[in-house]
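**Student:** Provided herewith: entry_5.pdb, PDB, C-alpha atoms.
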```pdb
ATOM      1  CA  MET A1010     134.393  95.816 100.385
ATOM      2  CA  SER A1011     135.560  93.072  98.055
ATOM      3  CA  GLY A1012     134.950  95.251  95.027
ATOM      4  CA  LEU A1013     132.479  93.090  93.133
ATOM      5  CA  LEU A1014     130.211  96.098  92.824
ATOM      6  CA  SER A1015     131.686  98.880  90.745
ATOM      7  CA  GLU A1016     130.976 102.521  91.448
ATOM      8  CA  ASP A1017     128.975 102.562  88.243
ATOM      9  CA  VAL A1018     126.681  99.769  89.496
ATOM     10  CA  LEU A1019     126.361 101.397  92.930
ATOM     11  CA  SER A1020     125.518 104.742  91.333
ATOM     12  CA  HIS A1021     122.144 103.243  90.367
ATOM     13  CA  ILE A1022     121.021 103.272  94.011
ATOM     14  CA  GLY A1023     118.230 105.806  94.248
ATOM     15  CA  THR A1024     117.067 105.341  90.654
ATOM     16  CA  GLN A1025     113.313 105.777  90.450
ATOM     17  CA  SER A1026     110.883 104.535  87.827
ATOM     18  CA  ALA A1027     108.356 106.800  86.164
ATOM     19  CA  PRO A1028     105.109 106.620  88.170
ATOM     20  CA  ARG A1029     102.527 104.194  86.741
ATOM     21  CA  ARG A1030      98.854 104.905  87.145
ATOM     22  CA  GLU A1031      96.312 102.096  86.796
ATOM     23  CA  ILE A1032      92.659 101.546  87.612
ATOM     24  CA  ALA A1033      91.387  98.583  89.624
ATOM     25  CA  THR A1034      88.362  97.063  87.914
ATOM     26  CA  ARG A1035      85.831  94.545  89.198
ATOM     27  CA  ARG A1036      86.593  92.246  86.275
ATOM     28  CA  ASP A1037      90.327  92.206  87.022
ATOM     29  CA  ILE A1038      89.708  91.599  90.723
ATOM     30  CA  ARG A1039      87.395  88.693  89.866
ATOM     31  CA  LYS A1040      89.926  87.166  87.477
ATOM     32  CA  TYR A1041      92.690  87.469  90.041
ATOM     33  CA  ALA A1042      90.541  85.978  92.812
ATOM     34  CA  ILE A1043      89.478  83.013  90.673
ATOM     35  CA  ALA A1044      93.010  82.329  89.412
ATOM     36  CA  THR A1045      94.398  82.282  92.958
ATOM     37  CA  ASP A1046      91.848  79.713  94.268
ATOM     38  CA  ASN A1047      90.168  82.335  96.419
ATOM     39  CA  ARG A1048      86.837  81.208  97.893
ATOM     40  CA  GLN A1049      85.568  84.336  99.665
ATOM     41  CA  ALA A1050      82.543  85.924  97.973
ATOM     42  CA  LYS A1051      83.650  89.541  98.489
ATOM     43  CA  TYR A1052      86.728  88.905  96.331
ATOM     44  CA  LEU A1053      85.109  86.532  93.815
ATOM     45  CA  ASP A1054      82.378  89.136  93.244
ATOM     46  CA  GLY A1055      85.017  91.855  92.911
ATOM     47  CA  ASP A1056      83.608  94.050  95.703
ATOM     48  CA  VAL A1057      87.091  94.509  97.136
ATOM     49  CA  ALA A1058      90.534  93.343  96.021
ATOM     50  CA  PRO A1059      92.297  90.599  97.978
ATOM     51  CA  PRO A1060      95.686  91.424  99.483
ATOM     52  CA  LEU A1061      98.525  91.066  96.936
ATOM     53  CA  PHE A1062      96.234  92.262  94.106
ATOM     54  CA  HIS A1063      98.683  95.156  93.563
ATOM     55  CA  LEU A1064     101.046  92.568  92.005
ATOM     56  CA  HIS A1065      98.494  92.056  89.266
ATOM     57  CA  LEU A1066      97.910  95.771  88.845
ATOM     58  CA  PHE A1067     101.566  96.744  88.545
ATOM     59  CA  TRP A1068     103.272  93.759  86.890
ATOM     60  CA  ASP A1069     105.156  95.327  83.992
ATOM     61  CA  VAL A1070     103.106  95.277  80.777
ATOM     62  CA  VAL A1071     105.754  95.136  78.056
ATOM     63  CA  PRO A1072     105.567  94.445  74.315
ATOM     64  CA  LEU A1073     106.385  90.911  73.160
ATOM     65  CA  ASP A1074     109.639  91.952  71.510
ATOM     66  CA  LYS A1075     110.857  93.407  74.801
ATOM     67  CA  LEU A1076     110.654  90.037  76.574
ATOM     68  CA  SER A1077     113.795  87.932  76.887
ATOM     69  CA  PRO A1078     113.757  84.489  75.154
ATOM     70  CA  ASP A1079     112.608  82.838  78.404
ATOM     71  CA  GLY A1080     109.593  85.148  78.450
ATOM     72  CA  VAL A1081     110.701  87.481  81.238
ATOM     73  CA  SER A1082     110.521  91.257  81.121
ATOM     74  CA  ILE A1083     113.787  93.028  81.831
ATOM     75  CA  ASP A1084     113.569  95.385  84.801
ATOM     76  CA  SER A1085     114.729  98.767  83.487
ATOM     77  CA  LEU A1086     115.394  99.942  87.047
ATOM     78  CA  LEU A1087     118.360  97.591  87.418
ATOM     79  CA  PRO A1088     121.959  97.992  86.224
ATOM     80  CA  LYS A1089     123.813  95.074  84.682
ATOM     81  CA  PHE A1090     125.062  93.114  87.685
ATOM     82  CA  PRO A1091     128.333  91.101  87.682
ATOM     83  CA  LEU A1092     126.349  88.103  88.989
ATOM     84  CA  GLU A1093     123.161  87.054  87.215
ATOM     85  CA  LYS A1094     121.823  83.789  88.647
ATOM     86  CA  ALA A1095     118.772  84.764  90.692
ATOM     87  CA  MET A1096     118.179  83.031  94.003
ATOM     88  CA  ALA A1097     115.160  83.165  96.273
ATOM     89  CA  GLY A1098     114.196  86.646  97.293
ATOM     90  CA  GLY A1099     111.856  88.032  99.870
ATOM     91  CA  LEU A1100     108.946  90.414 100.098
ATOM     92  CA  ASP A1101     108.009  92.747 102.936
ATOM     93  CA  ILE A1102     104.600  94.319 102.363
ATOM     94  CA  THR A1103     102.507  96.754 104.400
ATOM     95  CA  TYR A1104      98.821  97.167 103.578
ATOM     96  CA  HIS A1105      97.588 100.633 104.508
ATOM     97  CA  LYS A1106      94.087 100.512 103.040
ATOM     98  CA  PRO A1107      91.998  98.175 100.880
ATOM     99  CA  ILE A1108      91.713  98.470  97.074
ATOM    100  CA  LYS A1109      88.217  98.699  95.594
ATOM    101  CA  PRO A1110      86.938  98.649  92.016
ATOM    102  CA  GLY A1111      87.170 102.107  90.491
ATOM    103  CA  ASP A1112      90.240 103.107  92.510
ATOM    104  CA  TRP A1113      92.968 104.820  90.503
ATOM    105  CA  LEU A1114      96.356 103.912  91.942
ATOM    106  CA  THR A1115      99.852 105.131  91.186
ATOM    107  CA  ALA A1116     102.969 103.058  91.800
ATOM    108  CA  THR A1117     106.514 104.346  92.029
ATOM    109  CA  ARG A1118     109.470 101.986  92.263
ATOM    110  CA  THR A1119     112.860 102.948  93.681
ATOM    111  CA  LEU A1120     116.066 100.918  93.701
ATOM    112  CA  THR A1121     116.896 101.581  97.352
ATOM    113  CA  ASP A1122     119.992  99.459  97.968
ATOM    114  CA  ILE A1123     122.674  97.263  96.389
ATOM    115  CA  TYR A1124     125.188  95.407  98.565
ATOM    116  CA  GLU A1125     127.255  92.251  98.625
ATOM    117  CA  LYS A1126     127.854  89.544 101.209
ATOM    118  CA  ALA A1127     130.034  86.474 101.344
ATOM    119  CA  GLY A1128     127.926  83.348 100.827
ATOM    120  CA  ARG A1129     128.978  79.776 101.603
ATOM    121  CA  SER A1130     129.845  79.094  97.975
ATOM    122  CA  GLY A1131     130.959  82.539  96.853
ATOM    123  CA  PRO A1132     129.889  86.156  96.860
ATOM    124  CA  LEU A1133     126.235  87.189  96.732
ATOM    125  CA  ILE A1134     124.719  90.428  95.526
ATOM    126  CA  PHE A1135     121.591  91.740  97.224
ATOM    127  CA  TYR A1136     119.377  94.496  95.906
ATOM    128  CA  GLU A1137     116.236  96.083  97.272
ATOM    129  CA  VAL A1138     113.383  97.723  95.405
ATOM    130  CA  LEU A1139     110.749  99.748  97.217
ATOM    131  CA  MET A1140     107.358 100.134  95.575
ATOM    132  CA  GLU A1141     104.902 102.669  96.926
ATOM    133  CA  VAL A1142     101.290 102.534  95.788
ATOM    134  CA  ARG A1143      99.234 105.664  96.439
ATOM    135  CA  ASP A1144      95.680 106.673  95.672
ATOM    136  CA  ASP A1145      94.556 109.920  94.054
ATOM    137  CA  TYR A1146      94.505 111.597  97.493
ATOM    138  CA  ASP A1147      98.244 110.816  97.714
ATOM    139  CA  GLU A1148      97.563 108.439 100.591
ATOM    140  CA  LEU A1149      99.626 105.257 100.856
ATOM    141  CA  VAL A1150      97.713 102.117  99.918
ATOM    142  CA  VAL A1151     100.494  99.508  99.762
ATOM    143  CA  THR A1152     104.233  99.629 100.487
ATOM    144  CA  GLU A1153     106.299  96.725  99.213
ATOM    145  CA  LYS A1154     109.996  96.070  99.695
ATOM    146  CA  THR A1155     111.462  93.321  97.510
ATOM    147  CA  THR A1156     114.893  91.902  98.295
ATOM    148  CA  ARG A1157     116.544  89.790  95.610
ATOM    149  CA  ILE A1158     119.714  87.759  95.765
ATOM    150  CA  LEU A1159     122.071  87.040  92.845
ATOM    151  CA  ARG A1160     124.902  84.519  92.794
TER     152      ARG A1160
ATOM    153  CA  MET B 676      86.372  83.879 112.691
ATOM    154  CA  SER B 677      87.189  82.159 115.177
ATOM    155  CA  PRO B 678      87.593  82.479 118.859
ATOM    156  CA  ALA B 679      90.034  84.996 120.316
ATOM    157  CA  PRO B 680      93.547  84.177 119.178
ATOM    158  CA  VAL B 681      95.744  82.340 121.641
ATOM    159  CA  VAL B 682      99.504  82.269 121.246
ATOM    160  CA  GLY B 683     100.552  78.857 119.967
ATOM    161  CA  MET B 684      97.195  78.173 118.334
ATOM    162  CA  ALA B 685      97.260  76.694 114.820
ATOM    163  CA  ILE B 686      94.752  78.102 112.327
ATOM    164  CA  PRO B 687      92.842  75.785 109.957
ATOM    165  CA  GLU B 688      95.062  74.576 107.110
ATOM    166  CA  ARG B 689      94.140  74.573 103.458
ATOM    167  CA  GLN B 690      95.408  72.463 100.589
ATOM    168  CA  HIS B 691      96.049  73.687  97.055
ATOM    169  CA  CYS B 692      96.870  71.736  93.923
ATOM    170  CA  CYS B 693      97.645  74.001  90.981
ATOM    171  CA  ASP B 694      96.972  72.511  87.539
ATOM    172  CA  GLU B 695      98.031  73.811  84.106
ATOM    173  CA  VAL B 696      94.826  75.790  83.587
ATOM    174  CA  GLN B 697      95.023  77.605  86.903
ATOM    175  CA  LEU B 698      98.706  78.416  86.436
ATOM    176  CA  MET B 699      98.039  79.743  82.929
ATOM    177  CA  LEU B 700      95.145  81.914  84.099
ATOM    178  CA  TYR B 701      97.133  83.226  87.059
ATOM    179  CA  ASN B 702     100.153  84.219  84.978
ATOM    180  CA  ALA B 703      97.957  85.629  82.226
ATOM    181  CA  SER B 704      96.210  87.795  84.801
ATOM    182  CA  LEU B 705      99.611  89.224  85.805
ATOM    183  CA  TRP B 706     101.076  89.385  82.244
ATOM    184  CA  ASN B 707     103.816  86.992  83.299
ATOM    185  CA  GLY B 708     105.221  85.190  80.251
ATOM    186  CA  HIS B 709     108.009  83.250  82.017
ATOM    187  CA  ARG B 710     108.303  79.947  80.140
ATOM    188  CA  ILE B 711     109.000  77.832  83.236
ATOM    189  CA  HIS B 712     105.272  78.163  84.008
ATOM    190  CA  PHE B 713     103.826  76.800  80.745
ATOM    191  CA  ASP B 714     106.532  75.484  78.382
ATOM    192  CA  MET B 715     107.284  71.941  79.593
ATOM    193  CA  PRO B 716     110.262  71.203  77.286
ATOM    194  CA  TYR B 717     111.809  74.560  78.238
ATOM    195  CA  SER B 718     111.234  74.071  81.979
ATOM    196  CA  THR B 719     112.602  70.518  82.073
ATOM    197  CA  GLU B 720     115.259  70.463  79.333
ATOM    198  CA  VAL B 721     116.632  74.017  79.450
ATOM    199  CA  GLU B 722     116.098  74.976  83.098
ATOM    200  CA  GLY B 723     116.335  71.441  84.507
ATOM    201  CA  TYR B 724     113.157  71.542  86.609
ATOM    202  CA  PRO B 725     111.151  68.340  87.124
ATOM    203  CA  GLY B 726     107.978  69.991  85.779
ATOM    204  CA  LEU B 727     106.136  73.283  85.359
ATOM    205  CA  VAL B 728     106.993  75.621  88.226
ATOM    206  CA  VAL B 729     104.134  77.066  90.293
ATOM    207  CA  ALA B 730     104.536  80.867  90.303
ATOM    208  CA  GLY B 731     106.186  82.101  93.517
ATOM    209  CA  PRO B 732     103.703  84.918  94.188
ATOM    210  CA  LEU B 733     100.795  82.466  93.834
ATOM    211  CA  MET B 734     102.154  80.631  96.878
ATOM    212  CA  GLY B 735     102.543  84.041  98.525
ATOM    213  CA  ASP B 736      98.839  84.575  97.846
ATOM    214  CA  TRP B 737      97.998  81.264  99.535
ATOM    215  CA  LEU B 738      99.810  82.483 102.677
ATOM    216  CA  HIS B 739      97.489  85.496 102.715
ATOM    217  CA  GLN B 740      94.387  83.420 102.038
ATOM    218  CA  VAL B 741      94.852  80.946 104.841
ATOM    219  CA  VAL B 742      94.995  83.841 107.333
ATOM    220  CA  ASP B 743      92.348  85.941 105.580
ATOM    221  CA  GLU B 744      89.838  83.062 105.666
ATOM    222  CA  TRP B 745      90.499  82.599 109.367
ATOM    223  CA  LEU B 746      89.998  86.340 109.979
ATOM    224  CA  GLY B 747      86.816  86.509 107.905
ATOM    225  CA  ASP B 748      85.161  89.873 108.472
ATOM    226  CA  ALA B 749      86.643  90.165 111.969
ATOM    227  CA  GLY B 750      89.928  91.667 110.872
ATOM    228  CA  MET B 751      92.318  92.547 108.083
ATOM    229  CA  ILE B 752      95.866  91.687 107.129
ATOM    230  CA  THR B 753      98.164  94.671 107.673
ATOM    231  CA  GLY B 754     101.478  93.217 106.545
ATOM    232  CA  ILE B 755     103.484  90.202 105.447
ATOM    233  CA  GLU B 756     107.104  89.200 105.145
ATOM    234  CA  TYR B 757     107.758  86.053 103.153
ATOM    235  CA  SER B 758     110.211  84.382 100.818
ATOM    236  CA  ASN B 759     110.014  81.623  98.228
ATOM    237  CA  ARG B 760     112.660  79.078  99.276
ATOM    238  CA  ILE B 761     111.728  75.861  97.445
ATOM    239  CA  ALA B 762     109.684  75.452  94.261
ATOM    240  CA  ALA B 763     106.408  73.563  93.827
ATOM    241  CA  TYR B 764     105.304  71.970  90.556
ATOM    242  CA  VAL B 765     102.040  71.610  88.692
ATOM    243  CA  GLY B 766     100.079  68.655  90.039
ATOM    244  CA  GLU B 767     101.699  68.800  93.476
ATOM    245  CA  THR B 768      99.439  69.163  96.520
ATOM    246  CA  VAL B 769     100.741  71.715  99.014
ATOM    247  CA  THR B 770      99.374  72.823 102.366
ATOM    248  CA  ALA B 771      99.093  76.380 103.693
ATOM    249  CA  GLY B 772      98.790  77.015 107.396
ATOM    250  CA  GLY B 773     100.024  79.033 110.331
ATOM    251  CA  THR B 774     100.359  79.512 114.070
ATOM    252  CA  VAL B 775      99.572  82.546 116.212
ATOM    253  CA  THR B 776     102.831  83.843 117.678
ATOM    254  CA  ALA B 777     101.631  87.067 119.351
ATOM    255  CA  TYR B 778      98.350  88.738 120.229
ATOM    256  CA  ASP B 779      97.750  92.109 121.836
ATOM    257  CA  GLU B 780      94.223  92.291 123.235
ATOM    258  CA  GLY B 781      94.519  96.034 123.707
ATOM    259  CA  THR B 782      95.206  96.882 120.065
ATOM    260  CA  GLY B 783      93.835  93.763 118.381
ATOM    261  CA  GLN B 784      97.154  93.187 116.658
ATOM    262  CA  VAL B 785      97.867  89.542 115.947
ATOM    263  CA  THR B 786     101.016  88.000 114.451
ATOM    264  CA  LEU B 787     101.182  84.596 112.804
ATOM    265  CA  GLU B 788     104.013  82.474 111.499
ATOM    266  CA  VAL B 789     102.756  81.057 108.206
ATOM    267  CA  PHE B 790     103.923  78.462 105.705
ATOM    268  CA  VAL B 791     103.240  76.634 102.490
ATOM    269  CA  LYS B 792     104.701  73.132 102.743
ATOM    270  CA  ASN B 793     104.831  70.126 100.431
ATOM    271  CA  ALA B 794     103.991  66.457 100.983
ATOM    272  CA  CYS B 795     107.530  65.845 102.307
ATOM    273  CA  ASP B 796     106.846  68.449 105.020
ATOM    274  CA  GLU B 797     109.405  70.840 103.531
ATOM    275  CA  VAL B 798     108.511  74.503 104.024
ATOM    276  CA  LEU B 799     108.483  76.050 100.539
ATOM    277  CA  THR B 800     107.351  79.530 101.482
ATOM    278  CA  PRO B 801     107.875  80.677 105.081
ATOM    279  CA  GLY B 802     106.437  83.969 106.244
ATOM    280  CA  VAL B 803     105.120  86.190 109.016
ATOM    281  CA  ILE B 804     101.751  87.920 108.730
ATOM    282  CA  THR B 805     100.432  90.714 110.921
ATOM    283  CA  ALA B 806      96.725  91.473 111.111
ATOM    284  CA  ARG B 807      94.421  93.720 113.079
ATOM    285  CA  LEU B 808      91.220  92.458 114.651
ATOM    286  CA  MET B 809      88.234  94.744 114.988
ATOM    287  CA  LEU B 810      87.668  94.855 118.731
ATOM    288  CA  ALA B 811      84.172  94.542 120.130
ATOM    289  CA  SER B 812      83.589  97.631 122.228
TER     290      SER B 812
END
```
For the file at hand, write its structure as structure tokens.

**Tutor:**
Amino acid sequence: MSGLLSEDVLSHIGTQSAPRREIATRRDIRKYAIATDNRQAKYLDGDVAPPLFHLHLFWDVVPLDKLSPDGVSIDSLLPKFPLEKAMAGGLDITYHKPIKPGDWLTATRTLTDIYEKAGRSGPLIFYEVLMEVRDDYDELVVTEKTTRILR
Amino acid sequence: MSPAPVVGMAIPERQHCCDEVQLMLYNASLWNGHRIHFDMPYSTEVEGYPGLVVAGPLMGDWLHQVVDEWLGDAGMITGIEYSNRIAAYVGETVTAGGTVTAYDEGTGQVTLEVFVKNACDEVLTPGVITARLMLAS
């Protein structure tokens, strides 16, 4: 280990956010479908949510004075990293069951890993956040693993 | 859809051209206030982009849509892995598409390699989607 990541930073692995519970509404599904260029009637009418709708449902809703000057909300799950320039990240999503209007869903986010690798032009920090979305029967609806890279 | 999937088969492509209004509505629907999506002086002068940046997850949505339209009511997407590698900008026409890379007739599981690419044929958003077809019994 090259020691870029202090024990304090690494101690954040396993940190979990407070669960967030939201309701999927027909109006929100319709807005999302229209804004994404969707052209299938079942989504445009809001009968069922298109895949990726959970992004809309669980994007952090923060007060204006909690946004950074560039308009981004600061992820409270993350420690202060020694590298801060974000590079492309990746998503790995599993859809377990569809989301319909009226569904109450609860999302829990966990910081599951932080590690470093040598990149071509210097060290890189990777971190992974797992989000689990469950319905009121505690059944999994969506699982999403986000991997982000900092340089 | 669509005849039975055959490995190597390309699915119908779809073009998207995001304008300012669509990008605003999309980010508003998420509650995404990142200035690179609506504040032209900030995006170009502070961040050094050539224009307003199309939101990464919107291109992720287009990956889903190109497969979901091909599936129609015959199946559903069960998973995706993708990453945003290169940005797209407001006013740019991009193309979403994909190719079947595996199909299991027994389970109905189909895997596709998917992309969003720009006019220079650069892949902006590569991904892999898995879906399950309802099998006629």

**Student:** Give as a PyMOL selection string every residue of chain B that touches chain A within 9 Å, counting all atoms listed in the file.

**Tutor:** chain B and resi 691+693+696-702+704-711+717+732-737+739-740+743-744+747+752-761

**Student:** For a test of reading the model, state the distance in Å between atom CA of Leu746 of chain B and atom CA of Leu808 of chain B, rounded to one decimal.

**Tutor:** 7.8 Å

**Student:** Please determine, counting all atoms listed in the file, which residue among A:Ala1058, A:Ile1083, A:Ile1123, A:Leu1092 has the shortest atom-to-atom distance to Gly1111 of chain A.

**Tutor:** A:Ala1058

**Student:** Translate the PyMOL selection byres ((chain B and resi 782-789) around 10) into a concrete residue list for this structure, as a PDB file with C-alpha atoms, keeping the file's coordinate frame.

**Tutor:**
```
ATOM      1  CA  ALA B 679      90.034  84.996 120.316  1.00  0.00           C
ATOM      2  CA  PRO B 680      93.547  84.177 119.178  1.00  0.00           C
ATOM      3  CA  VAL B 681      95.744  82.340 121.641  1.00  0.00           C
ATOM      4  CA  VAL B 682      99.504  82.269 121.246  1.00  0.00           C
ATOM      5  CA  GLY B 683     100.552  78.857 119.967  1.00  0.00           C
ATOM      6  CA  MET B 684      97.195  78.173 118.334  1.00  0.00           C
ATOM      7  CA  ALA B 685      97.260  76.694 114.820  1.00  0.00           C
ATOM      8  CA  ILE B 686      94.752  78.102 112.327  1.00  0.00           C
ATOM      9  CA  TRP B 737      97.998  81.264  99.535  1.00  0.00           C
ATOM     10  CA  LEU B 738      99.810  82.483 102.677  1.00  0.00           C
ATOM     11  CA  HIS B 739      97.489  85.496 102.715  1.00  0.00           C
ATOM     12  CA  VAL B 741      94.852  80.946 104.841  1.00  0.00           C
ATOM     13  CA  VAL B 742      94.995  83.841 107.333  1.00  0.00           C
ATOM     14  CA  GLY B 750      89.928  91.667 110.872  1.00  0.00           C
ATOM     15  CA  MET B 751      92.318  92.547 108.083  1.00  0.00           C
ATOM     16  CA  ILE B 752      95.866  91.687 107.129  1.00  0.00           C
ATOM     17  CA  THR B 753      98.164  94.671 107.673  1.00  0.00           C
ATOM     18  CA  GLY B 754     101.478  93.217 106.545  1.00  0.00           C
ATOM     19  CA  ILE B 755     103.484  90.202 105.447  1.00  0.00           C
ATOM     20  CA  GLU B 756     107.104  89.200 105.145  1.00  0.00           C
ATOM     21  CA  TYR B 757     107.758  86.053 103.153  1.00  0.00           C
ATOM     22  CA  ALA B 771      99.093  76.380 103.693  1.00  0.00           C
ATOM     23  CA  GLY B 772      98.790  77.015 107.396  1.00  0.00           C
ATOM     24  CA  GLY B 773     100.024  79.033 110.331  1.00  0.00           C
ATOM     25  CA  THR B 774     100.359  79.512 114.070  1.00  0.00           C
ATOM     26  CA  VAL B 775      99.572  82.546 116.212  1.00  0.00           C
ATOM     27  CA  THR B 776     102.831  83.843 117.678  1.00  0.00           C
ATOM     28  CA  ALA B 777     101.631  87.067 119.351  1.00  0.00           C
ATOM     29  CA  TYR B 778      98.350  88.738 120.229  1.00  0.00           C
ATOM     30  CA  ASP B 779      97.750  92.109 121.836  1.00  0.00           C
ATOM     31  CA  GLU B 780      94.223  92.291 123.235  1.00  0.00           C
ATOM     32  CA  GLY B 781      94.519  96.034 123.707  1.00  0.00           C
ATOM     33  CA  PHE B 790     103.923  78.462 105.705  1.00  0.00           C
ATOM     34  CA  VAL B 791     103.240  76.634 102.490  1.00  0.00           C
ATOM     35  CA  LYS B 792     104.701  73.132 102.743  1.00  0.00           C
ATOM     36  CA  VAL B 798     108.511  74.503 104.024  1.00  0.00           C
ATOM     37  CA  THR B 800     107.351  79.530 101.482  1.00  0.00           C
ATOM     38  CA  PRO B 801     107.875  80.677 105.081  1.00  0.00           C
ATOM     39  CA  GLY B 802     106.437  83.969 106.244  1.00  0.00           C
ATOM     40  CA  VAL B 803     105.120  86.190 109.016  1.00  0.00           C
ATOM     41  CA  ILE B 804     101.751  87.920 108.730  1.00  0.00           C
ATOM     42  CA  THR B 805     100.432  90.714 110.921  1.00  0.00           C
ATOM     43  CA  ALA B 806      96.725  91.473 111.111  1.00  0.00           C
ATOM     44  CA  ARG B 807      94.421  93.720 113.079  1.00  0.00           C
ATOM     45  CA  LEU B 808      91.220  92.458 114.651  1.00  0.00           C
ATOM     46  CA  MET B 809      88.234  94.744 114.988  1.00  0.00           C
ATOM     47  CA  LEU B 810      87.668  94.855 118.731  1.00  0.00           C
ATOM     48  CA  ALA B 811      84.172  94.542 120.130  1.00  0.00           C
TER      49      ALA B 811
END
```

**Student:** What is the distance between atom CA of Ser1026 of chain A and atom CA of Leu1013 of chain A, in Å to one decimal?

**Tutor:**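 The value is 25.0 Å.
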
**Student:** Can you give me, as a VMD selection string, the residues this file yields under the PyMOL selection byres ((chain A and resi 1019) around 12)?

**Tutor:** chain A and resid 1012 to 1018 1020 to 1024 1087 to 1091 1120 to 1125 1134 to 1136

**Student:** Exactly which residues make up the result of the PyMOL selection byres ((chain A and resi 1094) around 9) on this file, given as a list of chain:residue names?

**Tutor:**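 Expected selection for the PyMOL selection byres ((chain A and resi 1094) around 9) here is A:Leu1092, A:Glu1093, A:Ala1095, A:Met1096, A:Ile1158, A:Leu1159, A:Arg1160.
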
**Student:** With all atoms listed in the file as the counted atoms, please give the residues lying no more than 12 Å from Tyr764 of chain B, apart from itself and same-chain residues fewer than 6 positions off, as an NGL selection string.

**Tutor:** :B and (691-695 or 698 or 711-713 or 715 or 718-719 or 724-731 or 733-734 or 793-794 or 799)

**Student:** A:Leu1086, A:Ile1108, A:Leu1114, A:Val1138: which is nearest Ala1027 of chain A, counting only C-alpha atoms?

**Tutor:**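 Among A:Leu1086, A:Ile1108, A:Leu1114, A:Val1138, it is A:Leu1086 that comes nearest to Ala1027 of chain A.
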
**Student:** Just the number, please: distance in Å from atom CA of Pro1072 of chain A to atom CA of Gly723 of chain B, one decimal.

**Tutor:**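 Those two atoms sit 27.4 Å apart.
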
**Student:** Quick one: of A:Asp1084, A:Asp1056, A:Asp1147, A:Asp1074, who's nearest to Thr1034 of chain A, counting all atoms listed in the file?

**Tutor:** A:Asp1056

**Student:** Take every atom of segment 693-712 of chain B listed in the file, pad by 4 Å on each side, and give me the axis-aligned box centre and edge lengths in Å, one decimal, as lines of an AutoDock Vina configuration file.

**Tutor:**
```
center_x = 101.9
center_y = 80.9
center_z = 85.6
size_x = 22.2
size_y = 24.9
size_z = 18.8
```
